[in-house]
Every structure is written in structure tokens, then in C-alpha cells.
$ cat entry14.cif   # mmCIF, C-alpha atoms
data_target
loop_
_atom_site.label_atom_id
_atom_site.label_comp_id
_atom_site.auth_asym_id
_atom_site.auth_seq_id
_atom_site.Cartn_x
_atom_site.Cartn_y
_atom_site.Cartn_z
CA MET S 981 76.13 39.38 -47.92
CA SER S 982 76.41 42.45 -50.06
CA ASN S 983 79.25 43.01 -52.48
CA ASP S 984 79.78 46.40 -50.88
CA LEU S 985 80.15 45.86 -47.18
CA TYR S 986 78.71 48.52 -44.92
CA ALA S 987 81.83 49.72 -43.16
CA VAL S 988 80.08 51.29 -40.27
CA ALA S 989 81.00 49.22 -37.28
CA ALA S 990 84.22 51.18 -37.31
CA GLU S 991 85.72 53.62 -39.70
CA ASP S 992 88.14 56.23 -38.53
CA PHE S 993 90.97 57.96 -40.32
CA CYS S 994 93.83 60.29 -39.55
CA LEU S 995 95.41 62.11 -42.51
CA ILE S 996 98.91 63.57 -42.19
CA PRO S 997 100.32 66.03 -44.74
CA MET S 998 104.09 65.60 -45.25
CA GLY S 999 106.74 67.93 -46.57
CA THR S 1000 104.69 71.05 -45.91
CA GLY S 1001 107.35 73.01 -44.01
CA GLU S 1002 105.02 73.76 -41.11
CA PRO S 1003 103.97 71.58 -38.20
CA SER S 1004 100.37 72.86 -38.17
CA VAL S 1005 97.81 70.75 -40.01
CA ALA S 1006 94.55 72.52 -39.14
CA GLY S 1007 94.17 74.11 -42.59
CA TYR S 1008 94.45 70.73 -44.29
CA ILE S 1009 92.12 68.98 -41.90
CA ALA S 1010 89.55 71.75 -42.37
CA GLU S 1011 89.69 71.11 -46.12
CA CYS S 1012 89.03 67.42 -45.46
CA GLN S 1013 85.99 68.28 -43.38
CA ARG S 1014 84.62 70.27 -46.36
CA ILE S 1015 85.17 67.24 -48.61
CA LEU S 1016 83.40 64.96 -46.12
CA GLU S 1017 80.50 67.41 -45.86
CA LYS S 1018 80.05 67.19 -49.65
CA SER S 1019 80.21 63.38 -49.56
CA GLY S 1020 76.87 63.13 -47.78
CA LEU S 1021 78.32 60.56 -45.38
CA LYS S 1022 78.05 60.85 -41.63
CA TYR S 1023 81.34 61.98 -40.09
CA LYS S 1024 82.61 63.41 -36.81
CA MET S 1025 86.04 64.85 -36.05
CA HIS S 1026 87.76 64.06 -32.73
CA GLY S 1027 91.14 64.90 -31.22
CA TYR S 1028 93.15 62.47 -33.36
CA GLY S 1029 91.11 61.61 -36.43
CA THR S 1030 87.62 61.58 -37.89
CA ASN S 1031 84.90 58.95 -37.56
CA LEU S 1032 83.18 58.13 -40.84
CA GLU S 1033 80.31 55.75 -41.70
CA GLY S 1034 78.91 54.25 -44.88
CA PRO S 1035 79.36 51.56 -47.52
CA TRP S 1036 82.98 50.49 -48.03
CA SER S 1037 83.32 51.95 -51.53
CA GLU S 1038 81.95 55.32 -50.42
CA VAL S 1039 84.09 55.75 -47.30
CA THR S 1040 87.30 54.78 -49.10
CA LYS S 1041 86.35 57.09 -52.00
CA ALA S 1042 85.77 59.97 -49.55
CA ILE S 1043 89.25 59.52 -48.06
CA HIS S 1044 90.73 59.36 -51.58
CA ASP S 1045 89.03 62.67 -52.34
CA CYS S 1046 90.55 64.15 -49.15
CA HIS S 1047 93.99 63.13 -50.46
CA LEU S 1048 93.23 64.77 -53.84
CA ALA S 1049 92.14 67.99 -52.10
CA VAL S 1050 95.15 68.13 -49.76
CA HIS S 1051 97.52 67.47 -52.69
CA ALA S 1052 95.73 70.34 -54.49
CA GLN S 1053 96.64 72.57 -51.52
CA GLY S 1054 100.29 71.95 -52.43
CA THR S 1055 101.13 68.98 -50.22
CA PRO S 1056 103.60 66.68 -51.99
CA ARG S 1057 103.03 63.62 -49.84
CA ILE S 1058 100.28 62.34 -47.57
CA ALA S 1059 100.12 59.44 -45.13
CA THR S 1060 96.79 58.32 -43.74
CA ASP S 1061 95.99 55.78 -41.06
CA ILE S 1062 92.58 54.14 -41.49
CA ARG S 1063 90.76 51.84 -39.08
CA ILE S 1064 87.90 50.13 -40.88
CA GLY S 1065 85.50 47.53 -39.56
CA THR S 1066 82.71 45.42 -40.99
CA ARG S 1067 80.31 42.97 -39.40
CA THR S 1068 77.76 40.53 -40.72
CA ASP S 1069 76.13 39.51 -37.44
CA ARG S 1070 73.86 42.51 -37.09
CA GLU S 1071 72.06 45.05 -39.22
CA ILE S 1072 73.38 48.54 -38.81
CA THR S 1073 71.08 51.46 -39.53
CA PRO S 1074 73.13 53.81 -41.69
CA GLY S 1075 74.56 56.66 -39.68
CA THR S 1076 74.11 55.06 -36.26
CA GLY S 1077 77.07 52.70 -36.03
CA ASN S 1078 79.68 54.73 -34.22
CA GLU S 1079 77.25 56.42 -31.84
CA ALA S 1080 75.69 53.09 -30.92
CA LYS S 1081 79.09 51.67 -30.04
CA VAL S 1082 79.83 54.49 -27.61
CA LYS S 1083 76.37 54.17 -26.06
CA ARG S 1084 76.78 50.43 -25.38
CA VAL S 1085 79.98 51.09 -23.43
CA GLU S 1086 78.41 53.98 -21.51
CA ASP S 1087 75.43 51.79 -20.60
CA ILE S 1088 77.75 49.19 -19.09
CA LEU S 1089 79.70 51.82 -17.15
CA SER S 1090 76.56 53.42 -15.72
CA LYS S 1091 75.32 50.17 -14.17
CA MET V 1166 113.74 68.74 -24.45
CA SER V 1167 112.48 66.45 -21.74
CA ASN V 1168 113.42 62.79 -21.57
CA ASP V 1169 109.74 61.97 -21.31
CA LEU V 1170 107.99 63.62 -24.23
CA TYR V 1171 104.52 64.94 -23.60
CA ALA V 1172 102.52 62.86 -26.01
CA VAL V 1173 99.57 65.13 -26.14
CA ALA V 1174 99.48 66.51 -29.63
CA ALA V 1175 97.93 63.23 -30.56
CA GLU V 1176 97.34 60.02 -28.74
CA ASP V 1177 94.53 57.72 -29.67
CA PHE V 1178 94.17 53.98 -29.33
CA CYS V 1179 91.83 51.23 -30.39
CA LEU V 1180 92.07 47.92 -28.50
CA ILE V 1181 90.70 44.74 -30.07
CA PRO V 1182 90.18 41.54 -28.03
CA MET V 1183 90.82 38.38 -30.09
CA GLY V 1184 89.68 34.81 -29.66
CA THR V 1185 86.77 35.74 -27.42
CA GLY V 1186 84.08 33.81 -29.29
CA GLU V 1187 81.78 36.81 -29.49
CA PRO V 1188 81.85 39.79 -31.83
CA SER V 1189 80.80 42.29 -29.15
CA VAL V 1190 83.59 44.22 -27.45
CA ALA V 1191 81.64 46.67 -25.27
CA GLY V 1192 82.38 44.81 -22.01
CA TYR V 1193 86.11 44.91 -22.67
CA ILE V 1194 86.14 48.55 -23.72
CA ALA V 1195 84.16 49.47 -20.59
CA GLU V 1196 86.88 47.79 -18.49
CA CYS V 1197 89.49 49.90 -20.31
CA GLN V 1198 87.59 53.07 -19.50
CA ARG V 1199 87.71 52.09 -15.80
CA ILE V 1200 91.48 51.61 -16.06
CA LEU V 1201 91.88 54.99 -17.76
CA GLU V 1202 89.74 56.64 -15.06
CA LYS V 1203 92.13 55.27 -12.41
CA SER V 1204 95.18 56.50 -14.38
CA GLY V 1205 94.34 60.13 -13.72
CA LEU V 1206 95.03 60.95 -17.38
CA LYS V 1207 92.61 62.87 -19.54
CA TYR V 1208 90.77 60.55 -21.94
CA LYS V 1209 87.70 60.58 -24.17
CA MET V 1210 86.09 57.67 -25.97
CA HIS V 1211 84.79 58.11 -29.54
CA GLY V 1212 83.21 55.80 -32.10
CA TYR V 1213 86.43 53.96 -33.02
CA GLY V 1214 88.93 54.46 -30.21
CA THR V 1215 89.80 56.62 -27.24
CA ASN V 1216 91.76 59.88 -27.12
CA LEU V 1217 94.35 60.01 -24.33
CA GLU V 1218 96.79 62.72 -23.24
CA GLY V 1219 99.86 62.86 -21.04
CA PRO V 1220 103.58 62.16 -20.83
CA TRP V 1221 104.74 59.34 -23.12
CA SER V 1222 105.60 56.92 -20.32
CA GLU V 1223 102.21 57.40 -18.65
CA VAL V 1224 100.05 57.00 -21.75
CA THR V 1225 101.87 53.87 -22.90
CA LYS V 1226 101.68 52.47 -19.32
CA ALA V 1227 97.92 53.14 -19.25
CA ILE V 1228 97.41 51.17 -22.48
CA HIS V 1229 99.61 48.35 -21.10
CA ASP V 1230 97.35 48.24 -18.03
CA CYS V 1231 94.31 48.02 -20.30
CA HIS V 1232 95.90 44.95 -21.94
CA LEU V 1233 96.53 43.42 -18.49
CA ALA V 1234 92.90 44.03 -17.48
CA VAL V 1235 91.41 42.65 -20.71
CA HIS V 1236 93.65 39.55 -20.48
CA ALA V 1237 92.38 39.17 -16.89
CA GLN V 1238 88.84 39.09 -18.32
CA GLY V 1239 89.85 35.90 -20.13
CA THR V 1240 90.97 37.29 -23.48
CA PRO V 1241 93.89 35.21 -24.85
CA ARG V 1242 95.11 37.75 -27.39
CA ILE V 1243 94.83 41.49 -27.88
CA ALA V 1244 95.75 43.75 -30.79
CA THR V 1245 95.86 47.51 -30.28
CA ASP V 1246 96.36 50.29 -32.79
CA ILE V 1247 97.94 53.41 -31.29
CA ARG V 1248 98.42 56.82 -32.91
CA ILE V 1249 100.85 58.86 -30.86
CA GLY V 1250 102.20 62.32 -31.57
CA THR V 1251 104.74 64.63 -29.99
CA ARG V 1252 105.80 68.16 -30.81
CA THR V 1253 108.56 70.42 -29.60
CA ASP V 1254 107.48 73.65 -31.28
CA ARG V 1255 104.84 74.63 -28.78
CA GLU V 1256 104.03 74.25 -25.12
CA ILE V 1257 100.95 72.16 -24.50
CA THR V 1258 98.99 72.71 -21.31
CA PRO V 1259 98.36 69.22 -19.95
CA GLY V 1260 94.85 68.03 -20.76
CA THR V 1261 94.16 70.57 -23.50
CA GLY V 1262 95.95 69.08 -26.52
CA ASN V 1263 93.25 67.13 -28.27
CA GLU V 1264 90.48 69.66 -27.62
CA ALA V 1265 92.65 72.49 -28.89
CA LYS V 1266 93.28 70.63 -32.13
CA VAL V 1267 89.56 70.22 -32.83
CA LYS V 1268 88.93 73.88 -31.98
CA ARG V 1269 91.58 75.15 -34.43
CA VAL V 1270 89.89 73.25 -37.27
CA GLU V 1271 86.43 74.44 -36.26
CA ASP V 1272 87.66 78.06 -36.14
CA ILE V 1273 88.90 77.77 -39.73
CA LEU V 1274 85.63 76.21 -40.90
CA SER V 1275 83.50 78.89 -39.23
CA LYS V 1276 85.23 81.73 -41.07
CA MET F 1226 100.89 36.88 -15.96
CA SER F 1227 103.80 39.23 -15.86
CA ASN F 1228 103.45 42.90 -15.07
CA ASP F 1229 105.38 43.67 -18.22
CA LEU F 1230 103.65 41.91 -21.08
CA TYR F 1231 105.82 40.51 -23.81
CA ALA F 1232 104.59 42.47 -26.78
CA VAL F 1233 105.90 40.16 -29.38
CA ALA F 1234 102.90 38.65 -31.02
CA ALA F 1235 102.73 41.87 -32.94
CA GLU F 1236 104.54 45.12 -32.75
CA ASP F 1237 104.97 47.34 -35.72
CA PHE F 1238 105.36 51.08 -36.01
CA CYS F 1239 105.44 53.74 -38.67
CA LEU F 1240 106.93 57.10 -37.69
CA ILE F 1241 106.13 60.20 -39.75
CA PRO F 1242 108.10 63.46 -39.38
CA MET F 1243 105.90 66.56 -39.87
CA GLY F 1244 106.72 70.12 -40.81
CA THR F 1245 110.08 69.23 -42.32
CA GLY F 1246 109.70 71.02 -45.66
CA GLU F 1247 110.66 67.97 -47.68
CA PRO F 1248 108.59 64.91 -48.58
CA SER F 1249 111.50 62.47 -48.17
CA VAL F 1250 111.73 60.68 -44.84
CA ALA F 1251 114.61 58.24 -45.45
CA GLY F 1252 117.11 60.25 -43.37
CA TYR F 1253 114.80 60.20 -40.36
CA ILE F 1254 113.93 56.53 -40.69
CA ALA F 1255 117.65 55.67 -40.96
CA GLU F 1256 118.20 57.49 -37.65
CA CYS F 1257 115.42 55.39 -36.10
CA GLN F 1258 117.11 52.20 -37.30
CA ARG F 1259 120.29 53.32 -35.51
CA ILE F 1260 118.30 53.87 -32.30
CA LEU F 1261 116.69 50.43 -32.63
CA GLU F 1262 120.09 48.84 -33.21
CA LYS F 1263 121.29 50.36 -29.91
CA SER F 1264 118.17 49.13 -28.09
CA GLY F 1265 119.22 45.50 -28.39
CA LEU F 1266 115.69 44.56 -29.45
CA LYS F 1267 114.94 42.51 -32.54
CA TYR F 1268 113.61 44.70 -35.35
CA LYS F 1269 113.08 44.54 -39.10
CA MET F 1270 112.16 47.33 -41.48
CA HIS F 1271 109.62 46.74 -44.26
CA GLY F 1272 108.04 48.94 -46.92
CA TYR F 1273 105.71 50.81 -44.58
CA GLY F 1274 107.02 50.46 -41.05
CA THR F 1275 109.28 48.43 -38.80
CA ASN F 1276 108.55 45.21 -36.90
CA LEU F 1277 109.82 45.25 -33.33
CA GLU F 1278 109.72 42.62 -30.57
CA GLY F 1279 110.24 42.62 -26.82
CA PRO F 1280 108.66 43.39 -23.46
CA TRP F 1281 106.04 46.16 -23.58
CA SER F 1282 108.07 48.70 -21.61
CA GLU F 1283 111.13 48.20 -23.81
CA VAL F 1284 109.38 48.45 -27.19
CA THR F 1285 107.46 51.58 -26.20
CA LYS F 1286 110.66 53.09 -24.77
CA ALA F 1287 112.49 52.37 -28.03
CA ILE F 1288 109.84 54.20 -30.05
CA HIS F 1289 109.99 57.10 -27.57
CA ASP F 1290 113.74 57.28 -28.14
CA CYS F 1291 113.14 57.36 -31.90
CA HIS F 1292 110.89 60.40 -31.36
CA LEU F 1293 113.62 62.07 -29.26
CA ALA F 1294 116.21 61.42 -31.98
CA VAL F 1295 114.02 62.66 -34.84
CA HIS F 1296 113.11 65.80 -32.86
CA ALA F 1297 116.87 66.27 -32.33
CA GLN F 1298 117.26 66.23 -36.12
CA GLY F 1299 115.11 69.37 -36.18
CA THR F 1300 111.65 67.89 -36.71
CA PRO F 1301 109.06 69.98 -34.85
CA ARG F 1302 106.28 67.39 -34.86
CA ILE F 1303 106.06 63.62 -35.20
CA ALA F 1304 103.11 61.28 -35.65
CA THR F 1305 103.58 57.54 -35.19
CA ASP F 1306 101.19 54.69 -35.80
CA ILE F 1307 101.83 51.66 -33.60
CA ARG F 1308 100.27 48.20 -33.82
CA ILE F 1309 100.99 46.28 -30.64
CA GLY F 1310 99.82 42.83 -29.66
CA THR F 1311 100.06 40.64 -26.59
CA ARG F 1312 98.93 37.09 -25.91
CA THR F 1313 98.75 34.93 -22.82
CA ASP F 1314 97.83 31.61 -24.45
CA ARG F 1315 101.31 30.66 -25.59
CA GLU F 1316 104.92 31.15 -24.62
CA ILE F 1317 106.86 33.20 -27.14
CA THR F 1318 110.61 32.72 -27.37
CA PRO F 1319 112.03 36.25 -27.41
CA GLY F 1320 112.91 37.33 -30.94
CA THR F 1321 110.85 34.69 -32.74
CA GLY F 1322 107.34 36.13 -32.60
CA ASN F 1323 106.99 37.95 -35.89
CA GLU F 1324 108.91 35.38 -37.94
CA ALA F 1325 106.83 32.55 -36.51
CA LYS F 1326 103.64 34.32 -37.55
CA VAL F 1327 104.74 34.64 -41.16
CA LYS F 1328 105.87 30.99 -41.20
CA ARG F 1329 102.49 29.70 -39.96
CA VAL F 1330 100.72 31.47 -42.83
CA GLU F 1331 103.26 30.24 -45.38
CA ASP F 1332 102.86 26.66 -44.11
CA ILE F 1333 99.10 26.84 -44.69
CA LEU F 1334 99.57 28.30 -48.18
CA SER F 1335 102.09 25.62 -49.21
CA LYS F 1336 99.73 22.75 -48.41
CA MET Z 74 97.00 64.72 -61.11
CA SER Z 75 95.07 61.57 -61.77
CA ASN Z 76 91.62 60.95 -60.36
CA ASP Z 77 92.83 57.62 -59.05
CA LEU Z 78 95.94 58.26 -57.00
CA TYR Z 79 98.65 55.67 -57.15
CA ALA Z 80 98.80 54.61 -53.53
CA VAL Z 81 102.19 53.08 -53.68
CA ALA Z 82 104.37 55.27 -51.58
CA ALA Z 83 102.88 53.41 -48.68
CA GLU Z 84 100.14 50.91 -48.32
CA ASP Z 85 100.09 48.40 -45.55
CA PHE Z 86 97.22 46.66 -43.82
CA CYS Z 87 96.62 44.43 -40.85
CA LEU Z 88 93.30 42.54 -40.77
CA ILE Z 89 91.98 41.17 -37.47
CA PRO Z 90 89.12 38.65 -37.31
CA MET Z 91 86.90 39.15 -34.25
CA GLY Z 92 84.56 36.82 -32.41
CA THR Z 93 86.17 33.68 -33.80
CA GLY Z 94 86.66 31.78 -30.52
CA GLU Z 95 90.31 31.10 -31.22
CA PRO Z 96 93.33 33.37 -30.86
CA SER Z 97 95.06 32.05 -33.99
CA VAL Z 98 94.57 34.03 -37.17
CA ALA Z 99 96.90 32.24 -39.60
CA GLY Z 100 94.06 30.51 -41.48
CA TYR Z 101 92.35 33.84 -42.13
CA ILE Z 102 95.52 35.63 -43.15
CA ALA Z 103 96.35 32.78 -45.55
CA GLU Z 104 92.96 33.28 -47.19
CA CYS Z 105 93.76 37.00 -47.58
CA GLN Z 106 97.06 36.14 -49.29
CA ARG Z 107 95.10 34.02 -51.81
CA ILE Z 108 92.78 36.98 -52.49
CA LEU Z 109 95.75 39.30 -52.96
CA GLU Z 110 97.37 36.80 -55.33
CA LYS Z 111 94.23 36.87 -57.48
CA SER Z 112 94.17 40.69 -57.43
CA GLY Z 113 97.29 40.92 -59.57
CA LEU Z 114 98.68 43.62 -57.26
CA LYS Z 115 102.15 43.45 -55.76
CA TYR Z 116 102.00 42.45 -52.09
CA LYS Z 117 104.32 41.16 -49.39
CA MET Z 118 103.45 39.82 -45.95
CA HIS Z 119 105.54 40.77 -42.92
CA GLY Z 120 105.32 40.03 -39.20
CA TYR Z 121 102.43 42.41 -38.50
CA GLY Z 122 100.64 43.14 -41.77
CA THR Z 123 100.99 43.05 -45.52
CA ASN Z 124 102.50 45.64 -47.87
CA LEU Z 125 100.38 46.31 -50.96
CA GLU Z 126 100.89 48.59 -53.95
CA GLY Z 127 98.71 49.94 -56.73
CA PRO Z 128 96.12 52.55 -57.66
CA TRP Z 129 93.96 53.68 -54.73
CA SER Z 130 90.74 52.11 -56.00
CA GLU Z 131 92.43 48.75 -56.57
CA VAL Z 132 94.19 48.48 -53.23
CA THR Z 133 91.08 49.45 -51.26
CA LYS Z 134 89.01 47.02 -53.37
CA ALA Z 135 91.51 44.22 -52.63
CA ILE Z 136 91.19 44.80 -48.88
CA HIS Z 137 87.40 44.87 -49.22
CA ASP Z 138 87.58 41.49 -50.95
CA CYS Z 139 89.72 40.16 -48.08
CA HIS Z 140 86.94 41.22 -45.69
CA LEU Z 141 84.35 39.43 -47.88
CA ALA Z 142 86.46 36.25 -47.91
CA VAL Z 143 87.12 36.26 -44.15
CA HIS Z 144 83.42 36.87 -43.44
CA ALA Z 145 82.72 33.89 -45.75
CA GLN Z 146 84.98 31.80 -43.49
CA GLY Z 147 82.44 32.44 -40.71
CA THR Z 148 83.97 35.51 -39.05
CA PRO Z 149 81.19 37.78 -37.78
CA ARG Z 150 83.29 40.92 -37.38
CA ILE Z 151 86.56 42.23 -38.80
CA ALA Z 152 88.73 45.20 -37.90
CA THR Z 153 91.49 46.31 -40.25
CA ASP Z 154 94.16 48.93 -39.80
CA ILE Z 155 95.35 50.48 -43.08
CA ARG Z 156 98.29 52.82 -43.65
CA ILE Z 157 97.98 54.40 -47.07
CA GLY Z 158 100.21 56.99 -48.67
CA THR Z 159 100.19 58.99 -51.88
CA ARG Z 160 102.68 61.44 -53.35
CA THR Z 161 102.64 63.77 -56.30
CA ASP Z 162 106.28 64.87 -56.26
CA ARG Z 163 107.70 61.83 -57.99
CA GLU Z 164 106.71 59.19 -60.49
CA ILE Z 165 106.52 55.73 -59.00
CA THR Z 166 107.05 52.75 -61.27
CA PRO Z 167 104.22 50.36 -60.38
CA GLY Z 168 105.39 47.62 -58.07
CA THR Z 169 108.59 49.33 -56.95
CA GLY Z 170 107.35 51.77 -54.31
CA ASN Z 171 107.79 49.86 -51.07
CA GLU Z 172 111.06 48.19 -52.04
CA ALA Z 173 112.53 51.53 -53.12
CA LYS Z 174 111.72 53.04 -49.75
CA VAL Z 175 113.57 50.32 -47.85
CA LYS Z 176 116.54 50.62 -50.21
CA ARG Z 177 116.87 54.39 -49.68
CA VAL Z 178 117.12 53.87 -45.92
CA GLU Z 179 119.61 51.02 -46.30
CA ASP Z 180 121.76 53.15 -48.60
CA ILE Z 181 121.96 55.87 -45.94
CA LEU Z 182 122.82 53.34 -43.22
CA SER Z 183 125.57 51.70 -45.28
CA LYS Z 184 127.45 54.97 -45.77
#

$ encode --input "entry14.cif" --output "C-alpha cells"
Amino acid sequence: MSNDLYAVAAEDFCLIPMGTGEPSVAGYIAECQRILEKSGLKYKMHGYGTNLEGPWSEVTKAIHDCHLAVHAQGTPRIATDIRIGTRTDREITPGTGNEAKVKRVEDILSK
Amino acid sequence: MSNDLYAVAAEDFCLIPMGTGEPSVAGYIAECQRILEKSGLKYKMHGYGTNLEGPWSEVTKAIHDCHLAVHAQGTPRIATDIRIGTRTDREITPGTGNEAKVKRVEDILSK
Amino acid sequence: MSNDLYAVAAEDFCLIPMGTGEPSVAGYIAECQRILEKSGLKYKMHGYGTNLEGPWSEVTKAIHDCHLAVHAQGTPRIATDIRIGTRTDREITPGTGNEAKVKRVEDILSK
Amino acid sequence: MSNDLYAVAAEDFCLIPMGTGEPSVAGYIAECQRILEKSGLKYKMHGYGTNLEGPWSEVTKAIHDCHLAVHAQGTPRIATDIRIGTRTDREITPGTGNEAKVKRVEDILSK
């Protein structure tokens, strides 16, 4: 078992800027997507968060850098909800974890 | 303001069966998708959860029914993480909330 | 199995007001505590959320009413993270679920 | 602004072992408390998770080490929900963040 678990079986986060004076968050989330693009990690935005895959230290660092960037946009406080999963019972090819999970469910439903 | 808030600005949940003796969850998540299909609500599975839209009472009832169904599959314990959002500053056309959020971010990024 | 699962094995929520123009949330969380007090359910605030126990329909209704109250304070948008758990393998005396969980861990640690 | 944000305004996590064949999790959560004790960080268990305070890199590393330890107990898969908050508008004395938040709400309620 590695000392840096591959957190791919499930990583998803939802960042919420606080104290901004406006209910819209699209400008902040767009900035996060730019940070994730630079990280080199695989990511995919959905309607209430962003899927992210990679080694534990890299995915948590990427979210930290999103906080730094959103603070730099003038946000005084940020709350993020993270779902993170690891597994040791199967090898996960980097960048295929979240897609593979959806496919397994779809395969069952199509039977 | 309605007494049943339209929880569409953000609803996402991730259900985790516990004590099943197997790490795979695809069979349980597939059952949840069948329950959501019957609910008539708009939903969309992603790599670490499922987006769901509708009035508060209906989306929380749908997740309750997923618990009932997964218990009926023999699961003794279930833990679910729900992100739920409401807003009163804008009208949301039912079934368009989560998609509209992704589009607003993509529009900013494409500029 | 009841049609209204007793969601006591684990219910915890963290409500975040958005677009308020101030980073402090204490005034909104205090209002939520007043709503929970009126609900008659057992609840307990901690450093990053509030534990809540009761039947599924009642705990989700209580959180809905917190949203209503915080919107009524002038908050245009609210995001809440909920952890909710149910189990069918043991009877849970109403109002003892969360405390019993902490005690079981403490008993193991004190051995 | 530091390059390692002090994640004290809000850090809370709930770790769920999967595929263990038993619904009880107390033995795994006890192991996590031992890991947190060794980390030197301030932490406090509640009915549905554990509050944790410290610099971002240290709190995420502590949760990673909990995953390592619970995998070492024979758990093939783990899912954790993390709530993490940072703020730049106020200095937070290390180890006082979560308690201070509860106190501010209680002060409002006691008026």
C-alpha cells in the first residue's frame, strides 16, 4: 500500500464562497476550473460540484489552490464539501475511476 | 415564498451501503436509479453522486425511498451525503437548474 | 420496516447562507437553533454543523424550515450539506442514537 | 496570505468503511481517533463526524493517515465526507476556531 493513496474511487468537491454580497457563484467556480486545468489532474464539473481524480496529496492540494484563488478574488470566507474515496482491492488506471463507476451502473441498468 | 422550497439550485446525493461484505456498490446504485426514474424527478448520475431537482419535499422523499429500496436489498445500514440548495432571488424553471449552473460557468470560461 | 425510516444512526447538517455580504454566519445559525428547538427533535450544535435525530420526514422537514427562516432573514441563496443515516439491524431509542455512537467509540478507546 | 491556509474556521470529517461485512463502525472510528491523537492537531468527535483544526496540509494529511490505518484494519474501500473552511478576514488562534464558532451562536441565543 502506497503512502499516498490514489483517491480516485471517488473524489468530488463543492466550493462555496461566503460573504460575497451576491448569490451568484459562477465567476468563482470558473476560476476553480482554471486552477484544476493547470493541475494536470482529470476533472469534470457537474450540476453541484466537480469530480476530480488523482493521488490524495495532489487532489487535496488542487482544492487548496482553488481556495487560494477564490480568496484572491476577494472572498473572505470559503466552505467546501469534499467526498473522497480510496480502495485497495483493485488497481485503478489513473483518470478512469469516476467514468468506470458510472459505466458499471449503466451496464447493470441496461440488462 | 412557498412552503415547499424548490430545491433545484443544487441537490446532489451520494448513498453508501454499509455492512454489505463487498466493496462494490454498483448494484445498489443501479437500484437507486430505478427509484429515481419512478419518481418523475429530473436526475443525472455522475462519478461520485447523482444530481436531482425538484421541490424540497419530493427530492428528500425520493432519497428516503432509495434508502428503503437499498435496505430491502439486504443492506443493514446506509449513510448518505446530501448537498441541497435553495434560492429565492430567481425563478427556476423545473428541470433546468443544474444544467443552467454548468452552462453559466462554461460561458465564462469560453470568453 | 417502517415507511418512515428513523434517521437517527446519523443525521448532521451544515447550512451555509450565500450572498449575504458578510462572512459571519452566527446570526443565521442561531435562528436555525430556534427552529430546531421548536421542532421538538433532539439536536446538538458542534463546531461545523448540528446533529439531529428523528424520523426521516421530520428531520428533513426541520432542515427545510431552517432554510425558510434563513431566507426570511434576507438570505437569497442557501447551500446545506446533510449527512443522513438509517439502519435496520438494531432498534434505536429515539433521542439516543448519536450519543450512543460516541460512547461506543469511547468505550473502545478506554480499554 | 499564506501558502498553507489555516483550515480552522471549519473542518469536519466523517469516514465510512465499506465492504466490511458488519454494520458497526466503532472499531474503525476508534482507530481514527488514535491517529488524530498522534497528529498533535486539535480534534473532537461528535455524533456524526469529528471536528479537526489546523493548517490545510496537516488536516488533509491526518485524514489520509486515517484512511491508511483503516485500510490496514482490512477495509477494502473507504468513503469520507469532509467539510473544510478557510477565511482571510480574521486571525484564528490555533485550536480555538471550532469552539469560538459555537460560542458566538450561544451568545446570540442567550440574549

$ residues_around --input "entry14.cif" --residues "segment 1036-1045 of chain S" --least-positions-apart "4" --cutoff "8 Å" --atoms "all atoms listed in the file" --output "PyMOL selection string"
(chain S and resi 984-987+1015-1016+1019+1021+1032+1049) or (chain Z and resi 77-78+129-130+133-134+137)

$ closest_residue --input "entry14.cif" --among "Z:Tyr116, Z:Phe86, Z:Tyr101, Z:Tyr121" --to "chain F" --atoms "only C-alpha atoms"
Z:Tyr121

$ atom_distance --input "entry14.cif" --atom1 "atom CA of Glu1187 of chain V" --atom2 "atom CA of Pro149 of chain Z"
8.4 Å

$ interface_residues --input "entry14.cif" --of "chain F" --to "chain V" --cutoff "9 Å" --atoms "all atoms listed in the file" --output "number ranges by chain"
F: 1226-1230, 1234-1235, 1281-1282, 1285-1286, 1289-1290, 1292-1293, 1296-1297, 1300-1315

$ resolve_selection --input "entry14.cif" --expression "the PyMOL selection byres ((chain S and resi 1086) around 12)" --output "mmCIF file with C-alpha atoms, keeping the file's coordinate frame"
data_model
loop_
_atom_site.group_PDB
_atom_site.id
_atom_site.type_symbol
_atom_site.label_atom_id
_atom_site.label_comp_id
_atom_site.auth_asym_id
_atom_site.auth_seq_id
_atom_site.Cartn_x
_atom_site.Cartn_y
_atom_site.Cartn_z
ATOM 1 C CA GLU S 1079 77.250 56.420 -31.840
ATOM 2 C CA ALA S 1080 75.690 53.090 -30.920
ATOM 3 C CA LYS S 1081 79.090 51.670 -30.040
ATOM 4 C CA VAL S 1082 79.830 54.490 -27.610
ATOM 5 C CA LYS S 1083 76.370 54.170 -26.060
ATOM 6 C CA ARG S 1084 76.780 50.430 -25.380
ATOM 7 C CA VAL S 1085 79.980 51.090 -23.430
ATOM 8 C CA ASP S 1087 75.430 51.790 -20.600
ATOM 9 C CA ILE S 1088 77.750 49.190 -19.090
ATOM 10 C CA LEU S 1089 79.700 51.820 -17.150
ATOM 11 C CA SER S 1090 76.560 53.420 -15.720
ATOM 12 C CA LYS S 1091 75.320 50.170 -14.170
ATOM 13 C CA ALA V 1191 81.640 46.670 -25.270
ATOM 14 C CA GLY V 1192 82.380 44.810 -22.010
ATOM 15 C CA TYR V 1193 86.110 44.910 -22.670
ATOM 16 C CA ILE V 1194 86.140 48.550 -23.720
ATOM 17 C CA ALA V 1195 84.160 49.470 -20.590
ATOM 18 C CA GLU V 1196 86.880 47.790 -18.490
ATOM 19 C CA CYS V 1197 89.490 49.900 -20.310
ATOM 20 C CA GLN V 1198 87.590 53.070 -19.500
ATOM 21 C CA ARG V 1199 87.710 52.090 -15.800
ATOM 22 C CA LYS V 1209 87.700 60.580 -24.170
ATOM 23 C CA MET V 1210 86.090 57.670 -25.970
ATOM 24 C CA HIS V 1211 84.790 58.110 -29.540
ATOM 25 C CA GLY V 1212 83.210 55.800 -32.100
#

$ atom_distance --input "entry14.cif" --atom1 "atom CA of Glu1316 of chain F" --atom2 "atom CA of Gly1279 of chain F"
12.8 Å

$ atom_distance --input "entry14.cif" --atom1 "atom CA of Val1190 of chain V" --atom2 "atom CA of Ile1072 of chain S"
15.9 Å

$ resolve_selection --input "entry14.cif" --expression "the PyMOL selection byres ((chain F and resi 1244) around 6)" --output "VMD selection string"
(chain S and resid 1000 to 1003) or (chain F and resid 1243 1245 to 1246)

$ write_last_selection --input "entry14.cif" --atoms "C-alpha atoms" --output "tab-separated table (two decimals), in the frame of the given file"
chain	number	residue	atom	x	y	z
S	1000	THR	CA	104.69	71.05	-45.91
S	1001	GLY	CA	107.35	73.01	-44.01
S	1002	GLU	CA	105.02	73.76	-41.11
S	1003	PRO	CA	103.97	71.58	-38.20
F	1243	MET	CA	105.90	66.56	-39.87
F	1245	THR	CA	110.08	69.23	-42.32
F	1246	GLY	CA	109.70	71.02	-45.66

$ axis_aligned_box --input "entry14.cif" --around "segment 1307-1322 of chain F" --padding-each-side "4 Å" --output "lines of an AutoDock Vina configuration file"
center_x = 105.4
center_y = 41.2
center_z = -28.3
size_x = 23.1
size_y = 29.0
size_z = 19.0
